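Enquirer: Structure in structure tokens, see below.
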Amino acid sequence: GENVEQHPSTLSVQEGDSAVIKCTYSDSASNYFPWYKQELGKRPQLIIDIRSNVGEKKDQRIAVTLNKTAKHFSLHITETQPEDSAVYFCAASHTGNQFYFGTGTSLTVIP
Amino acid sequence: NAGVTQTPKFQVLKTGQSMTLQCAQDMNHNSMYWYRQDPGMGLRLIYYSASEGTTDKGEVPNGYNVSRLNKREFSLRLESAAPSQTSVYFCASSEVWDGAYGYTFGSGTRLTVV
């Protein structure tokens with residue numbers, strides 16, 4: 001099956017700085033890569049996703065890049081704000097029904 | 001529009017007891033899922049249902065059973081709870097069969113087995 005690794009497990013940044021979270025996957029058939037944000041005690045919520053036919057996607061301060069050759073994808077958050085503090089999960093899927101999640105990155109934005 | 005509703009929110013069971021976690025969605029989604037979330041291990045798929053009338057095992061199905069009661073409802077049953085099943089359980093649904101549009105998660109059930 002697919003194996004998704006996510007780094008770092010914890011990340012602290014100063015408000016206004018950028019944050020980058022990286023994930024690697026093992027199955028070259030994976031073609032869909034969503035990112036989820038989970039605030040403490042809340043449900044995971046989709047923040048951005050990318051398909052394998054696209055190299056980069058942006059949504060305001062959030063961007064995701066995908067390198068299919070190297071089998072890795074990254075989440076970039078610019079101009080971080082305290083409300084960005086949360087746990088972020090990456091995932092990979094090729095069947096659509098079997099999502100493999102990374103182990104999460106706890107991001108803390110220091111005011 | 002409630003989205004995905006899970007009940008109960010919290011539950012404490014004794015080892016060997018049984019219980020059913022309920023999940024309902026009102027978005028007319030075809031696919032529904034049950035995940036468990038454990039510290040340091042991310043979200044792991046227990047079972048899923050690609051459409052009404054079908055269910056399939058995920059990554060960690062042992063000790064669980066599911067029922068897709070109708071298009072709206074997907075329940076998860078623990079027949080004989082074990083401490084290893086202490087976890088936070090999330091139900092989710094997606095709007096197309098291949099799930100390419102991402103999941104909508106329920107608010108979770110925090111289960112403790114003592």
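Labels used: A, B, ... for chains in the order of the structure tokens, numbers from 1 for residues in each chain, and numbers from 1 for ligands as shown.
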Would you mind listing, for every residue of chain B within 8 Å of chain A, the two atoms forming the shortest contact and the distance between them in Å to one decimal, using only C-alpha atoms, sorted by chain and ascending residue number, as a Markdown table?
Expert:
| residue | atom | partner | partner_atom | distance |
| --- | --- | --- | --- | --- |
| B:Ser31 | CA | A:Asn97 | CA | 7.9 |
| B:Gly40 | CA | A:Thr103 | CA | 5.7 |
| B:Met41 | CA | A:Thr103 | CA | 4.9 |
| B:Gly42 | CA | A:Thr103 | CA | 4.0 |
| B:Leu43 | CA | A:Phe101 | CA | 5.8 |
| B:Arg44 | CA | A:Phe101 | CA | 7.1 |
| B:Leu45 | CA | A:Gln98 | CA | 7.4 |
| B:Tyr48 | CA | A:Asn97 | CA | 7.3 |
| B:Ala50 | CA | A:Asn97 | CA | 7.0 |
| B:Gly58 | CA | A:Gln98 | CA | 7.1 |
| B:Phe90 | CA | A:Arg43 | CA | 7.9 |
| B:Trp97 | CA | A:Gly96 | CA | 7.2 |
| B:Asp98 | CA | A:Gly96 | CA | 4.0 |
| B:Gly99 | CA | A:Gly96 | CA | 4.6 |
| B:Ala100 | CA | A:Gly96 | CA | 5.9 |
| B:Gly102 | CA | A:Leu46 | CA | 6.7 |
| B:Tyr103 | CA | A:Leu46 | CA | 7.2 |
| B:Thr104 | CA | A:Gln45 | CA | 7.1 |
| B:Phe105 | CA | A:Arg43 | CA | 6.2 |
| B:Gly106 | CA | A:Arg43 | CA | 6.5 |
| B:Ser107 | CA | A:Arg43 | CA | 5.1 |
| B:Gly108 | CA | A:Arg43 | CA | 6.6 |
Enquirer: Please produce a file of the residues just selected, as a compact mmCIF listing (two decimals), in the first residue's frame, where the atoms kept are N, CA and C atoms.
Expert:
# COMPACT_ATOMS: atom_id res chain seq x y z
N SER B 31 -20.24 8.38 -1.06
CA SER B 31 -19.22 7.65 -0.31
C SER B 31 -19.13 8.12 1.14
N GLY B 40 0.32 10.83 16.93
CA GLY B 40 1.51 10.44 16.20
C GLY B 40 1.29 9.50 15.04
N MET B 41 0.01 9.14 14.78
CA MET B 41 -0.25 8.16 13.71
C MET B 41 -1.18 8.69 12.64
N GLY B 42 -1.57 9.91 12.74
CA GLY B 42 -2.44 10.47 11.72
C GLY B 42 -3.81 9.83 11.72
N LEU B 43 -4.44 9.85 10.57
CA LEU B 43 -5.78 9.28 10.39
C LEU B 43 -5.64 7.98 9.62
N ARG B 44 -6.26 6.93 10.14
CA ARG B 44 -6.20 5.63 9.47
C ARG B 44 -7.61 5.15 9.16
N LEU B 45 -7.78 4.68 7.93
CA LEU B 45 -9.10 4.27 7.46
C LEU B 45 -9.47 2.91 8.02
N TYR B 48 -14.85 1.73 4.60
CA TYR B 48 -15.51 2.73 3.78
C TYR B 48 -16.65 2.09 3.00
N ALA B 50 -18.34 2.90 -0.68
CA ALA B 50 -18.29 3.71 -1.90
C ALA B 50 -19.68 4.11 -2.38
N GLY B 58 -10.68 -1.00 5.16
CA GLY B 58 -9.59 -0.06 4.98
C GLY B 58 -8.31 -0.62 5.55
N PHE B 90 -13.52 9.45 13.48
CA PHE B 90 -14.13 10.43 12.59
C PHE B 90 -14.86 9.70 11.47
N TRP B 97 -17.58 9.52 -6.33
CA TRP B 97 -17.13 8.17 -6.00
C TRP B 97 -15.64 8.15 -5.72
N ASP B 98 -14.87 8.91 -6.51
CA ASP B 98 -13.43 8.82 -6.34
C ASP B 98 -12.90 9.75 -5.24
N GLY B 99 -13.80 10.47 -4.58
CA GLY B 99 -13.36 11.27 -3.45
C GLY B 99 -12.42 12.39 -3.80
N ALA B 100 -12.32 12.71 -5.07
CA ALA B 100 -11.30 13.67 -5.48
C ALA B 100 -11.56 15.08 -4.98
N GLY B 102 -12.28 15.76 -1.89
CA GLY B 102 -11.94 15.86 -0.48
C GLY B 102 -13.08 15.50 0.43
N TYR B 103 -12.72 15.14 1.60
CA TYR B 103 -13.72 14.72 2.56
C TYR B 103 -14.36 15.88 3.31
N THR B 104 -15.60 15.63 3.78
CA THR B 104 -16.21 16.44 4.82
C THR B 104 -16.27 15.56 6.06
N PHE B 105 -15.60 15.99 7.11
CA PHE B 105 -15.53 15.18 8.33
C PHE B 105 -16.63 15.56 9.31
N GLY B 106 -17.04 14.58 10.10
CA GLY B 106 -17.87 14.85 11.26
C GLY B 106 -17.01 15.41 12.39
N SER B 107 -17.64 15.72 13.50
CA SER B 107 -16.94 16.38 14.60
C SER B 107 -16.18 15.41 15.50
N GLY B 108 -16.33 14.13 15.27
CA GLY B 108 -15.54 13.15 16.00
C GLY B 108 -16.22 12.57 17.22
Enquirer: Which residues in segment 1-95 of chain B does DSSP call strand (DSSP E)? List them as an MDAnalysis selection string.
Expert: chainID B and resid 4:7 10:13 19:25 31:38 42:49 56:57 64:68 74:78 87:94
Enquirer: Just the residues within 10 Å of Pro82 of chain A, please, counting only C-alpha atoms, with nothing from its chain fewer than 6 positions along; format it as a PyMOL selection string.
Expert: chain A and resi 13-16+107-111
Enquirer: Near Lys71 of chain B, counting only C-alpha atoms, which residues have an atom at most 9 Å away, once you skip same-chain residues fewer than 6 positions from it, shown as a list in words?
Expert: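 Answer for this query is Ala24, Gln25, Asn28, His29, Asn30, Ser31, Met32, Ser51, Glu52 and Gly53 of chain B.
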Enquirer: With only C-alpha atoms as the counted atoms, please give the residues lying no more than 10 Å from Val113 of chain B, apart from itself and same-chain residues fewer than 6 positions off, as a PDB file with C-alpha atoms, in the first residue's frame.
Expert:
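result_11.pdb, written as the output of this step:
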ATOM      1  CA  GLN B  11     -18.032   7.517  25.300  1.00  0.00           C
ATOM      2  CA  VAL B  12     -16.346   5.426  27.960  1.00  0.00           C
ATOM      3  CA  LEU B  13     -16.609   1.653  27.646  1.00  0.00           C
ATOM      4  CA  LYS B  14     -15.403  -1.218  29.725  1.00  0.00           C
ATOM      5  CA  THR B  15     -13.325  -3.905  28.035  1.00  0.00           C
ATOM      6  CA  GLY B  16     -15.621  -6.391  26.338  1.00  0.00           C
ATOM      7  CA  GLN B  17     -18.607  -4.059  26.002  1.00  0.00           C
ATOM      8  CA  ALA B  81     -14.180  -3.260  22.916  1.00  0.00           C
ATOM      9  CA  ALA B  82     -10.487  -3.435  23.763  1.00  0.00           C
ATOM     10  CA  PRO B  83      -8.198  -0.774  25.285  1.00  0.00           C
ATOM     11  CA  SER B  84      -6.355  -0.623  21.925  1.00  0.00           C
ATOM     12  CA  GLN B  85      -9.532   0.832  20.447  1.00  0.00           C
ATOM     13  CA  THR B  86      -9.254   3.935  22.598  1.00  0.00           C
ATOM     14  CA  SER B  87      -9.107   6.646  19.976  1.00  0.00           C
TER      15      SER B  87
END
Enquirer: Do you know which residues are at most 10 Å from Val54 of chain A counting only C-alpha atoms, after dropping those on the same chain fewer than 5 positions away, and could you put them as a PyMOL selection string?
Expert: chain A and resi 31+64-68
